[in-house]
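Dumped start_11.tsv below, it's TSV, C-alpha atoms:
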chain	number	residue	atom	x	y	z
U	1	MET	CA	-24.45	-3.10	-0.53
U	2	ASP	CA	-26.02	-4.53	-3.67
U	3	THR	CA	-23.62	-4.11	-6.59
U	4	GLY	CA	-25.27	-6.65	-8.84
U	5	MET	CA	-22.24	-8.90	-8.28
U	6	PRO	CA	-21.43	-11.65	-5.80
U	7	GLY	CA	-19.26	-10.60	-2.88
U	8	GLU	CA	-16.55	-13.02	-3.94
U	9	ALA	CA	-15.48	-13.71	-7.49
U	10	THR	CA	-12.87	-16.08	-8.85
U	11	ALA	CA	-10.47	-14.47	-11.32
U	12	ALA	CA	-10.79	-15.48	-14.95
U	13	SER	CA	-8.03	-16.67	-17.24
U	14	PRO	CA	-5.27	-14.08	-17.76
U	15	SER	CA	-5.19	-11.79	-20.76
U	16	SER	CA	-2.19	-9.69	-19.74
U	17	GLY	CA	0.31	-12.37	-18.78
U	18	CYS	CA	-0.40	-11.88	-15.08
U	19	SER	CA	-1.24	-14.96	-13.07
U	20	ASP	CA	-3.14	-14.20	-9.86
U	21	LEU	CA	-0.52	-11.80	-8.53
U	22	LEU	CA	-2.42	-11.42	-5.25
U	23	PRO	CA	-4.45	-14.18	-3.58
U	24	ARG	CA	-7.25	-11.84	-2.43
U	25	ILE	CA	-8.20	-8.19	-2.91
U	26	LEU	CA	-10.83	-6.32	-0.91
U	27	ILE	CA	-12.42	-3.24	-2.52
U	28	VAL	CA	-13.98	-0.69	-0.15
U	29	ASP	CA	-16.16	1.58	-2.28
U	30	ASP	CA	-19.83	2.57	-2.36
U	31	HIS	CA	-20.20	3.32	-6.08
U	32	PRO	CA	-21.73	0.23	-7.78
U	33	PHE	CA	-20.82	1.25	-11.33
U	34	PHE	CA	-17.16	1.79	-10.47
U	35	LEU	CA	-17.08	-1.42	-8.43
U	36	PHE	CA	-18.43	-3.37	-11.38
U	37	GLY	CA	-15.78	-2.04	-13.77
U	38	LEU	CA	-12.87	-2.40	-11.37
U	39	THR	CA	-13.82	-5.94	-10.35
U	40	ALA	CA	-14.23	-6.94	-13.99
U	41	ILE	CA	-10.71	-5.76	-14.87
U	42	LEU	CA	-9.17	-7.47	-11.84
U	43	GLU	CA	-10.84	-10.71	-12.92
U	44	GLU	CA	-10.12	-10.42	-16.65
U	45	GLU	CA	-6.44	-9.68	-16.03
U	46	SER	CA	-6.10	-12.34	-13.31
U	47	LEU	CA	-4.65	-9.79	-10.92
U	48	ALA	CA	-6.13	-11.57	-7.91
U	49	GLY	CA	-7.29	-15.03	-6.98
U	50	SER	CA	-10.51	-13.56	-5.58
U	51	VAL	CA	-12.10	-10.13	-5.18
U	52	SER	CA	-14.50	-9.04	-2.45
U	53	CYS	CA	-16.46	-5.77	-2.31
U	54	VAL	CA	-17.86	-3.84	0.67
U	55	GLY	CA	-19.23	-0.32	1.02
U	56	THR	CA	-18.34	0.86	4.55
U	57	ILE	CA	-15.42	0.90	6.97
U	58	ALA	CA	-17.30	-1.36	9.40
U	59	GLU	CA	-17.93	-3.91	6.65
U	60	ALA	CA	-14.26	-3.71	5.64
U	61	VAL	CA	-13.08	-4.42	9.18
U	62	SER	CA	-15.50	-7.33	9.51
U	63	ASP	CA	-14.40	-8.75	6.17
U	64	LEU	CA	-10.70	-8.49	7.03
U	65	GLN	CA	-11.22	-10.17	10.39
U	66	LYS	CA	-12.93	-13.07	8.62
U	67	SER	CA	-10.33	-13.16	5.82
U	68	PRO	CA	-6.91	-12.24	7.29
U	69	GLU	CA	-5.26	-13.69	4.18
U	70	THR	CA	-6.35	-10.59	2.23
U	71	SER	CA	-3.37	-9.35	0.23
U	72	LEU	CA	-4.47	-5.82	-0.60
U	73	VAL	CA	-7.25	-3.33	0.16
U	74	LEU	CA	-8.38	-0.83	-2.47
U	75	LEU	CA	-9.94	1.95	-0.39
U	76	ASP	CA	-12.14	4.77	-1.68
U	77	LEU	CA	-11.03	8.08	-0.16
U	78	GLY	CA	-14.57	9.49	-0.04
U	79	LEU	CA	-17.05	6.93	1.24
U	80	GLN	CA	-20.56	8.26	1.76
U	81	GLY	CA	-20.91	9.67	5.26
U	82	GLU	CA	-17.44	8.66	6.51
U	83	ALA	CA	-13.76	9.30	5.83
U	84	GLY	CA	-12.07	6.46	4.01
U	85	LEU	CA	-8.74	7.13	5.72
U	86	SER	CA	-10.31	6.18	9.06
U	87	LEU	CA	-9.71	2.56	8.05
U	88	PHE	CA	-6.00	3.00	8.80
U	89	ALA	CA	-6.70	3.71	12.46
U	90	GLU	CA	-8.90	0.60	12.64
U	91	LEU	CA	-6.20	-1.55	11.04
U	92	GLU	CA	-3.62	-0.24	13.48
U	93	ARG	CA	-5.93	-0.82	16.43
U	94	LEU	CA	-6.51	-4.41	15.34
U	95	GLY	CA	-2.88	-5.06	14.48
U	96	MET	CA	-3.69	-5.91	10.86
U	97	PRO	CA	-0.82	-4.76	8.58
U	98	VAL	CA	-2.62	-5.40	5.27
U	99	PRO	CA	-1.38	-3.04	2.49
U	100	VAL	CA	-3.86	-0.38	1.37
U	101	VAL	CA	-4.03	1.56	-1.90
U	102	VAL	CA	-6.29	4.61	-1.82
U	103	ILE	CA	-8.55	5.07	-4.85
U	104	SER	CA	-10.22	8.41	-5.46
U	105	SER	CA	-11.93	10.66	-7.98
U	106	ARG	CA	-9.91	13.49	-6.43
U	107	GLU	CA	-6.36	13.72	-7.76
U	108	ASP	CA	-5.07	16.88	-6.06
U	109	GLU	CA	-1.68	16.71	-4.37
U	110	THR	CA	-3.20	17.31	-0.93
U	111	SER	CA	-5.32	14.14	-1.21
U	112	VAL	CA	-2.39	12.12	-2.51
U	113	ARG	CA	-0.09	13.26	0.27
U	114	ALA	CA	-2.79	12.65	2.88
U	115	ALA	CA	-3.07	9.05	1.69
U	116	LYS	CA	0.71	8.63	1.79
U	117	SER	CA	0.94	10.13	5.28
U	118	ALA	CA	-1.81	7.80	6.52
U	119	GLY	CA	0.29	4.81	5.45
U	120	ALA	CA	-1.19	3.86	2.07
U	121	VAL	CA	1.22	2.00	-0.20
U	122	GLY	CA	-0.25	3.75	-3.24
U	123	PHE	CA	-2.76	6.16	-4.72
U	124	PHE	CA	-4.88	5.19	-7.72
U	125	PRO	CA	-7.05	7.85	-9.41
U	126	LYS	CA	-10.42	6.65	-10.70
U	127	SER	CA	-9.66	8.32	-14.03
U	128	ALA	CA	-6.71	5.96	-14.63
U	129	ASP	CA	-6.82	3.34	-17.37
U	130	ARG	CA	-6.54	-0.44	-17.34
U	131	ARG	CA	-2.79	-0.46	-17.99
U	132	THR	CA	-2.18	1.82	-15.00
U	133	LEU	CA	-4.24	-0.51	-12.81
U	134	ILE	CA	-2.18	-3.49	-13.92
U	135	THR	CA	1.06	-1.61	-13.28
U	136	MET	CA	-0.13	-0.56	-9.84
U	137	ILE	CA	-1.06	-4.10	-8.82
U	138	GLN	CA	2.25	-5.45	-10.12
U	139	ARG	CA	4.26	-2.89	-8.20
U	140	VAL	CA	2.50	-3.14	-4.86
U	141	SER	CA	2.59	-6.95	-5.11
U	142	GLN	CA	6.39	-6.60	-5.19
U	143	GLY	CA	6.40	-4.43	-2.09
U	144	GLU	CA	6.83	-1.14	-3.96
U	145	LEU	CA	4.97	2.14	-3.46
U	146	PHE	CA	2.78	3.54	-6.23
U	147	TYR	CA	2.59	7.35	-6.29
U	148	PRO	CA	3.19	8.34	-9.93
U	149	SER	CA	1.56	11.77	-9.53
U	150	LEU	CA	3.97	12.96	-6.84
U	151	GLN	CA	6.75	14.78	-8.63
U	152	GLN	CA	9.85	14.21	-6.55
U	153	PRO	CA	13.50	14.50	-7.49
U	154	PRO	CA	15.35	11.20	-7.70
U	155	ILE	CA	16.81	10.09	-4.40
U	156	GLN	CA	20.42	8.99	-4.55
U	157	ALA	CA	22.14	6.59	-2.18
U	158	ASP	CA	24.90	9.18	-1.69
U	159	GLY	CA	22.31	11.32	0.11
U	160	LEU	CA	22.64	8.88	3.02
U	161	THR	CA	25.78	8.32	5.06
U	162	PRO	CA	27.42	4.85	5.08
U	163	ARG	CA	26.19	4.38	8.65
U	164	GLN	CA	22.63	5.34	7.67
U	165	LEU	CA	22.73	2.82	4.83
U	166	GLU	CA	23.81	0.17	7.37
U	167	VAL	CA	20.89	1.11	9.63
U	168	LEU	CA	18.54	1.02	6.63
U	169	THR	CA	19.76	-2.44	5.63
U	170	LEU	CA	19.20	-3.83	9.13
U	171	LEU	CA	15.80	-2.14	9.26
U	172	ALA	CA	14.87	-3.92	6.02
U	173	GLN	CA	15.84	-7.21	7.66
U	174	GLY	CA	13.17	-6.58	10.29
U	175	LEU	CA	15.50	-5.84	13.19
U	176	PRO	CA	14.08	-3.69	16.02
U	177	ASN	CA	16.04	-0.68	17.26
U	178	LYS	CA	17.60	-2.64	20.12
U	179	ARG	CA	19.06	-5.27	17.75
U	180	ILE	CA	20.31	-2.56	15.40
U	181	CYS	CA	22.07	-0.95	18.38
U	182	GLN	CA	23.74	-4.24	19.29
U	183	THR	CA	24.74	-5.08	15.73
U	184	LEU	CA	26.30	-1.70	14.98
U	185	ASN	CA	27.47	-1.00	18.54
U	186	LEU	CA	25.47	2.23	18.72
U	187	THR	CA	23.34	3.82	21.40
U	188	GLU	CA	19.56	3.76	20.99
U	189	HIS	CA	19.54	7.55	20.72
U	190	THR	CA	22.01	7.41	17.84
U	191	VAL	CA	19.95	4.79	16.01
U	192	LYS	CA	16.80	6.87	16.44
U	193	THR	CA	18.66	9.90	15.09
U	194	HIS	CA	19.77	7.92	12.02
U	195	LEU	CA	16.23	6.63	11.45
U	196	LYS	CA	14.80	10.13	11.69
U	197	ALA	CA	17.29	11.32	9.07
U	198	ILE	CA	16.51	8.35	6.80
U	199	PHE	CA	12.75	8.93	7.07
U	200	ALA	CA	13.21	12.61	6.24
U	201	HIS	CA	15.47	11.81	3.30
U	202	LEU	CA	13.00	9.33	1.81
U	203	GLY	CA	9.93	11.40	2.67
U	204	VAL	CA	8.29	8.59	4.66
U	205	HIS	CA	6.60	8.36	8.05
U	206	ASN	CA	6.99	4.79	9.33
U	207	ARG	CA	9.28	1.76	9.13
U	208	THR	CA	7.17	-0.20	6.63
U	209	GLU	CA	6.89	2.73	4.28
U	210	CYS	CA	10.62	3.39	4.66
U	211	VAL	CA	11.60	-0.13	3.60
U	212	SER	CA	9.14	-0.14	0.69
U	213	GLU	CA	10.41	3.20	-0.59
U	214	ALA	CA	14.06	2.21	-0.20
U	215	ARG	CA	13.47	-1.01	-2.17
U	216	ALA	CA	11.56	0.84	-4.87
U	217	LEU	CA	14.47	3.26	-5.22
U	218	GLY	CA	17.05	0.48	-5.32
U	219	LEU	CA	18.78	1.60	-2.11
U	220	ILE	CA	18.44	-1.89	-0.67
U	221	SER	CA	17.90	-5.28	-2.28
U	222	GLY	CA	15.47	-8.03	-1.54

Representation of the structure as structure tokens:
Amino acid sequence: MDTGMPGEATAASPSSGCSDLLPRILIVDDHPFFLFGLTAILEEESLAGSVSCVGTIAEAVSDLQKSPETSLVLLDLGLQGEAGLSLFAELERLGMPVPVVVISSREDETSVRAAKSAGAVGFFPKSADRRTLITMIQRVSQGELFYPSLQQPPIQADGLTPRQLEVLTLLAQGLPNKRICQTLNLTEHTVKTHLKAIFAHLGVHNRTECVSEARALGLISG
């Protein structure tokens, strides 16, 4: 896709106090005008060491295979002729756990929740301003989720039992279910039951999303 820009661009000197928060960002979008503006802001604010742009899912997969050091993917929800969310299945198939933020001109709750359910770490509307972009990059670079449009009541630690908090802490340390069972002297069925309750309480669908949400809410440290 010809965007009038090179595929790779080195970030310029910072104007917002950020200093290359992410080594490399890949933008998957087929709108040249939007790509130009988004890339320019990422460069001007030094939000990434380099930025690459592609226009299709196939090009995104190829790019990520060549550049596994990619820190973040900004994925358009509505690519021409294909569903942007299909990239998540490709990433899972290839075993590539790169974080993805969905970007879209659609801001309805259904689209936002679809992105969250697919495993996106955030949702960024194309109508958002520069400051919101900076905030989003800062948060996801710290392992947090970015879903400001989802109105949810605050989640309190007292909504989880002490045992569930222990399971959550071990989950955040990267322990598989079997190790959690051994550490807490619980059966695998009990651990799975606790995890199901934790996921439901946090409104998440997988382990990575669970840990990110728990950290963002201050339920666990690190």

Nearest residue to Leu64 in chain U from the set U:Gly119, U:Pro97, U:Pro125, U:Gly84 (distances using all atoms listed in the file): U:Pro97

Can you write out as JSON lines which residues of range 60-84 of chain U fall within 6 Å of range 20-37 of chain U, alongside each residue's closest atom pair and its distance in Å to one decimal, counting all atoms listed in the file and ordering rows by chain and ascending residue number?
{"residue": "U:Thr70", "atom": "CA", "partner": "U:Arg24", "partner_atom": "CA", "distance": 4.9}
{"residue": "U:Ser71", "atom": "CA", "partner": "U:Arg24", "partner_atom": "CA", "distance": 5.3}
{"residue": "U:Leu72", "atom": "CA", "partner": "U:Ile25", "partner_atom": "CA", "distance": 5.0}
{"residue": "U:Val73", "atom": "CA", "partner": "U:Leu26", "partner_atom": "CA", "distance": 4.8}
{"residue": "U:Leu74", "atom": "CA", "partner": "U:Ile27", "partner_atom": "CA", "distance": 4.7}
{"residue": "U:Leu75", "atom": "CA", "partner": "U:Val28", "partner_atom": "CA", "distance": 4.8}
{"residue": "U:Asp76", "atom": "CA", "partner": "U:Asp29", "partner_atom": "CA", "distance": 5.2}

Same residues, C-alpha atoms, saved as a CSV table (one decimal), keeping the file's coordinate frame:
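Heads up, here's the output in result.csv:
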chain,number,residue,atom,x,y,z
U,70,THR,CA,-6.4,-10.6,2.2
U,71,SER,CA,-3.4,-9.4,0.2
U,72,LEU,CA,-4.5,-5.8,-0.6
U,73,VAL,CA,-7.2,-3.3,0.2
U,74,LEU,CA,-8.4,-0.8,-2.5
U,75,LEU,CA,-9.9,2.0,-0.4
U,76,ASP,CA,-12.1,4.8,-1.7

Atomic distance CA of Glu44 in chain U - CA of Tyr147 in chain U, expressed in Å with one decimal: 24.2 Å

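Every protein or nucleic acid residue with an atom no more than 12 Å from Thr132 in chain U, counting only C-alpha atoms and leaving out same-chain residues fewer than 5 positions away, appears here: U:Ile41, U:Phe123, U:Phe124, U:Pro125, U:Lys126, U:Ser127, U:Ile137, U:Gln138, U:Arg139, U:Phe146, U:Tyr147, U:Pro148, U:Ser149.
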
Point-to-point distance from CA of Glu107 in chain U to CA of Glu144 in chain U, Å rounded to tenths: 20.2 Å

Two-atom distance - CA of Val51 in chain U, CA of Arg215 in chain U (Å): 27.3 Å

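Comparing U:Val54, U:Val167, U:Leu91, U:Leu202 by their smallest distance to Ala214 in chain U, the closest is U:Leu202 (using all atoms listed in the file).
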
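Of the residues listed (U:Ile198, U:Gly218, U:Val61, U:Lys66), U:Val61 shows the shortest atom-to-atom separation from Glu92 in chain U; distances use all atoms listed in the file.
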
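The residue that comes closest to Pro176 in chain U, out of U:Gly78, U:Arg207, U:Thr56, U:Pro162 and on the basis of only C-alpha atoms, is U:Arg207.
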